[in-house]
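Visitor: For reference, the structure I am asking about is given below.
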Amino acid sequence: MPVTLQHEHGSTYRLDISGLLYKTDLDQSQQQLMGALDRVPGGKVRLLIVLTGFTGWDPNSQWSDLTFYAKRGDQIERIAIVGDPRWKDHLLMFAVAGLRRAPVEFFPADQLEAARAWLST
């Protein structure tokens with residue numbers, strides 16, 4: 001599976017994505033994140049998204065489904081995305097960066113610790 005979700009610390013969760021992203025994998029990770037949102041005191045999390053060897057989105061998947069964003073988007077306080085800068089604009093758009101209340105920042109792959117520090121502010 002090219003997508004894994006793990007608890008980092010406190011209310012911070014890490015989503016690792018590699019290879020080609022399929023909607024079914026994203027849906028499964030969103031289900032896991034919903035469970036985490038239900039368990040975290042205050043019901044809010046910070047999300048660290050780390051892309052390793054990311055090659056894009058499956059062109060045959062239906063990406064227009066914004067159900068998770070509509071129902072749970074406000075429970076994410078901050079999003080840091082770490083990856084290859086060539087994907088920056090696409091990833092910020094995919095994360096609905098311009099529409100969310102939560103700040104979303106992109107960091108080059110060699111700035112993982114900077115992303116973690118930004119999430120903690």
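So you can find residues: chains in the structure tokens are A, B, ... in the order shown, residues in each start at 1, and ligands are numbered from 1 in order.
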With a distance cut-off of 9 Å and only C-alpha atoms, select the neighbouring residues of Arg72 of chain A, excluding the residue or stretch itself and same-chain residues fewer than 4 positions from it, and output the selection as number ranges by chain.
Guide: A: 34, 37, 67-68, 76
Visitor: Go ahead and save the picked residues with N, CA and C atoms, as a PDB file, in the first residue's frame.
Guide:
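Writing the result to again_30.pdb gives the following:
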ATOM      1  N   MET A  34     -10.169   9.551  10.580  1.00  0.00           N
ATOM      2  CA  MET A  34     -11.434   9.836  11.271  1.00  0.00           C
ATOM      3  C   MET A  34     -11.466   9.151  12.628  1.00  0.00           C
ATOM      4  N   LEU A  37      -9.334  11.217  14.874  1.00  0.00           N
ATOM      5  CA  LEU A  37     -10.027  12.454  15.247  1.00  0.00           C
ATOM      6  C   LEU A  37     -11.023  12.208  16.377  1.00  0.00           C
ATOM      7  N   THR A  67     -16.028  14.648   0.430  1.00  0.00           N
ATOM      8  CA  THR A  67     -16.794  14.310   1.624  1.00  0.00           C
ATOM      9  C   THR A  67     -15.970  14.466   2.901  1.00  0.00           C
ATOM     10  N   PHE A  68     -14.756  13.931   2.903  1.00  0.00           N
ATOM     11  CA  PHE A  68     -13.910  14.034   4.102  1.00  0.00           C
ATOM     12  C   PHE A  68     -13.641  15.498   4.430  1.00  0.00           C
ATOM     13  N   ILE A  76      -8.749  19.547  11.255  1.00  0.00           N
ATOM     14  CA  ILE A  76      -7.313  19.541  10.996  1.00  0.00           C
ATOM     15  C   ILE A  76      -6.807  20.959  11.186  1.00  0.00           C
TER      16      ILE A  76
END
Visitor: Write out as a PyMOL selection string each polymer residue whose atoms come within 8 Å of segment 95-108 of chain A, counting only C-alpha atoms; drop sequence neighbours fewer than 4 positions from it.
Guide: chain A and resi 73-74+76-85+88+91+112+114-115
Visitor: Give me a file of those residues, with N, CA and C atoms, as an mmCIF file, in the first residue's frame.
Guide:
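Listing of part24.cif after writing:
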data_model
loop_
_atom_site.group_PDB
_atom_site.id
_atom_site.type_symbol
_atom_site.label_atom_id
_atom_site.label_comp_id
_atom_site.auth_asym_id
_atom_site.auth_seq_id
_atom_site.Cartn_x
_atom_site.Cartn_y
_atom_site.Cartn_z
ATOM 1 N N GLY A 73 -12.858 18.447 7.651
ATOM 2 C CA GLY A 73 -11.777 19.374 7.304
ATOM 3 C C GLY A 73 -11.425 20.368 8.390
ATOM 4 N N ASP A 74 -12.420 20.846 9.127
ATOM 5 C CA ASP A 74 -12.163 21.831 10.183
ATOM 6 C C ASP A 74 -11.503 21.223 11.413
ATOM 7 N N ILE A 76 -8.749 19.547 11.255
ATOM 8 C CA ILE A 76 -7.313 19.541 10.996
ATOM 9 C C ILE A 76 -6.807 20.959 11.186
ATOM 10 N N GLU A 77 -5.922 21.147 12.174
ATOM 11 C CA GLU A 77 -5.440 22.476 12.540
ATOM 12 C C GLU A 77 -4.356 23.009 11.614
ATOM 13 N N ARG A 78 -3.468 22.145 11.165
ATOM 14 C CA ARG A 78 -2.362 22.528 10.292
ATOM 15 C C ARG A 78 -1.993 21.335 9.435
ATOM 16 N N ILE A 79 -1.499 21.629 8.235
ATOM 17 C CA ILE A 79 -1.005 20.575 7.351
ATOM 18 C C ILE A 79 0.347 20.995 6.812
ATOM 19 N N ALA A 80 1.339 20.151 7.015
ATOM 20 C CA ALA A 80 2.660 20.342 6.419
ATOM 21 C C ALA A 80 2.864 19.230 5.409
ATOM 22 N N ILE A 81 3.221 19.605 4.198
ATOM 23 C CA ILE A 81 3.472 18.639 3.134
ATOM 24 C C ILE A 81 4.955 18.677 2.805
ATOM 25 N N VAL A 82 5.593 17.512 2.809
ATOM 26 C CA VAL A 82 7.026 17.409 2.537
ATOM 27 C C VAL A 82 7.204 16.530 1.307
ATOM 28 N N GLY A 83 7.917 17.061 0.302
ATOM 29 C CA GLY A 83 8.116 16.262 -0.901
ATOM 30 C C GLY A 83 8.919 16.982 -1.959
ATOM 31 N N ASP A 84 8.917 16.411 -3.129
ATOM 32 C CA ASP A 84 9.623 16.971 -4.282
ATOM 33 C C ASP A 84 8.931 18.268 -4.703
ATOM 34 N N PRO A 85 9.686 19.377 -4.798
ATOM 35 C CA PRO A 85 9.083 20.677 -5.143
ATOM 36 C C PRO A 85 8.321 20.698 -6.463
ATOM 37 N N LYS A 88 4.660 20.685 -5.781
ATOM 38 C CA LYS A 88 4.144 21.667 -4.811
ATOM 39 C C LYS A 88 2.771 22.235 -5.197
ATOM 40 N N LEU A 91 0.000 19.623 -5.169
ATOM 41 C CA LEU A 91 -0.317 19.133 -3.821
ATOM 42 C C LEU A 91 -1.071 20.161 -2.998
ATOM 43 N N LEU A 112 12.277 18.028 6.363
ATOM 44 C CA LEU A 112 11.310 17.330 7.207
ATOM 45 C C LEU A 112 11.273 17.913 8.615
ATOM 46 N N ALA A 114 12.066 20.931 9.561
ATOM 47 C CA ALA A 114 11.457 22.268 9.492
ATOM 48 C C ALA A 114 9.936 22.147 9.446
ATOM 49 N N ALA A 115 9.440 21.148 8.726
ATOM 50 C CA ALA A 115 7.993 20.922 8.652
ATOM 51 C C ALA A 115 7.446 20.541 10.032
#
Visitor: Find the spatial neighbours of Gln28 of chain A, counting only C-alpha atoms, within a cut-off of 10 Å - ignore same-chain residues fewer than 5 positions away - and output them as a list of chain:residue names.
Guide: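 Contacts, with the query itself left out: A:Val3, A:Thr4, A:Leu5, A:Lys23, A:Leu33, A:Met34.
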Visitor: Closest to Val50 of chain A among A:Tyr22, A:Tyr13, A:Trp63, A:Tyr69, using only C-alpha atoms?
Guide: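 For Val50 of chain A, the nearest of the candidates is A:Tyr13.
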Visitor: What parts of segment 3-111 of chain A does DSSP call helix (DSSP H, G or I)? I'd like the answer as a ChimeraX atom specification.
Guide: /A:23-39,41-43,67-75,85-94,109-111
Visitor: Which residues come within 7 Å of Arg14 of chain A, counting only C-alpha atoms, excluding same-chain residues fewer than 5 positions away, as a PyMOL selection string?
Guide: chain A and resi 5-8+47-49
Visitor: Any chance you could list, as a PyMOL selection string, the residues in chain A that come up strand (DSSP E or B) when DSSP is run on the backbone?
Guide: chain A and resi 3-9+12-21+45-57+76-83+104-108
Visitor: If we count only C-alpha atoms, what is near Asp25 of chain A at a cut-off of 12 Å, once residues fewer than 5 positions away on the same chain are taken out, given as a list in words?
Guide: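 The contact residues come out as Met1, Pro2, Val3, Thr4, Leu5, Leu15, Asp16, Ile17, Ser18, Gly19, Leu20, Gln30, Gln31, Gln32, Trp57, Asp58, Ser61 and Trp63 of chain A.
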Visitor: Print the selection's residues with N, CA and C atoms to a file, as a CSV table (one decimal), in the first residue's frame.
Guide:
chain,number,residue,atom,x,y,z
A,1,MET,N,0.8,-1.2,0.0
A,1,MET,CA,0.0,0.0,0.0
A,1,MET,C,0.9,1.2,0.0
A,2,PRO,N,0.6,2.2,-0.9
A,2,PRO,CA,1.5,3.4,-1.0
A,2,PRO,C,1.1,4.5,0.1
A,3,VAL,N,0.1,4.2,0.9
A,3,VAL,CA,-0.3,5.2,1.9
A,3,VAL,C,-0.4,4.6,3.3
A,4,THR,N,0.3,5.2,4.3
A,4,THR,CA,0.2,4.7,5.6
A,4,THR,C,0.0,5.9,6.6
A,5,LEU,N,-0.7,5.7,7.6
A,5,LEU,CA,-1.0,6.8,8.6
A,5,LEU,C,-0.5,6.2,9.9
A,15,LEU,N,1.2,11.1,7.5
A,15,LEU,CA,0.7,10.3,6.4
A,15,LEU,C,1.8,10.2,5.4
A,16,ASP,N,2.3,9.0,5.2
A,16,ASP,CA,3.3,8.7,4.2
A,16,ASP,C,2.7,8.2,2.9
A,17,ILE,N,3.1,8.9,1.8
A,17,ILE,CA,2.5,8.5,0.5
A,17,ILE,C,3.7,8.2,-0.5
A,18,SER,N,3.7,7.1,-1.1
A,18,SER,CA,4.7,6.8,-2.1
A,18,SER,C,4.1,6.2,-3.4
A,19,GLY,N,4.8,6.3,-4.5
A,19,GLY,CA,4.3,5.8,-5.7
A,19,GLY,C,3.1,6.5,-6.2
A,20,LEU,N,2.3,5.8,-6.9
A,20,LEU,CA,1.0,6.4,-7.5
A,20,LEU,C,-0.1,6.3,-6.5
A,30,GLN,N,-8.1,8.1,5.1
A,30,GLN,CA,-9.1,9.1,5.7
A,30,GLN,C,-9.9,8.4,6.8
A,31,GLN,N,-10.3,7.1,6.5
A,31,GLN,CA,-11.1,6.4,7.5
A,31,GLN,C,-10.3,6.2,8.8
A,32,GLN,N,-9.0,5.9,8.7
A,32,GLN,CA,-8.1,5.8,9.8
A,32,GLN,C,-8.0,7.1,10.6
A,57,TRP,N,-1.2,11.0,-9.2
A,57,TRP,CA,-2.5,10.5,-8.8
A,57,TRP,C,-3.0,9.5,-9.9
A,58,ASP,N,-3.7,8.5,-9.6
A,58,ASP,CA,-4.2,7.5,-10.5
A,58,ASP,C,-5.2,8.3,-11.4
A,61,SER,N,-9.0,7.3,-11.1
A,61,SER,CA,-9.8,7.4,-9.9
A,61,SER,C,-10.7,8.6,-9.9
A,63,TRP,N,-11.5,11.8,-8.2
A,63,TRP,CA,-10.9,12.6,-7.2
A,63,TRP,C,-11.8,13.8,-6.8
Visitor: From the set A:Ser29, A:Ser120, A:Thr24, A:Gln62, which residue has the shortest atom-to-atom contact distance to Val45 of chain A, counting only C-alpha atoms?
Guide: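 Checking each candidate against Val45 of chain A, we get A:Ser120 as the closest.
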Visitor: Of the candidates A:Arg39, A:Leu26, A:Arg46, A:Asp110, which one gets nearest to His9 of chain A if we count only C-alpha atoms?
Guide: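 Closest residue, counting only C-alpha atoms: A:Arg46.
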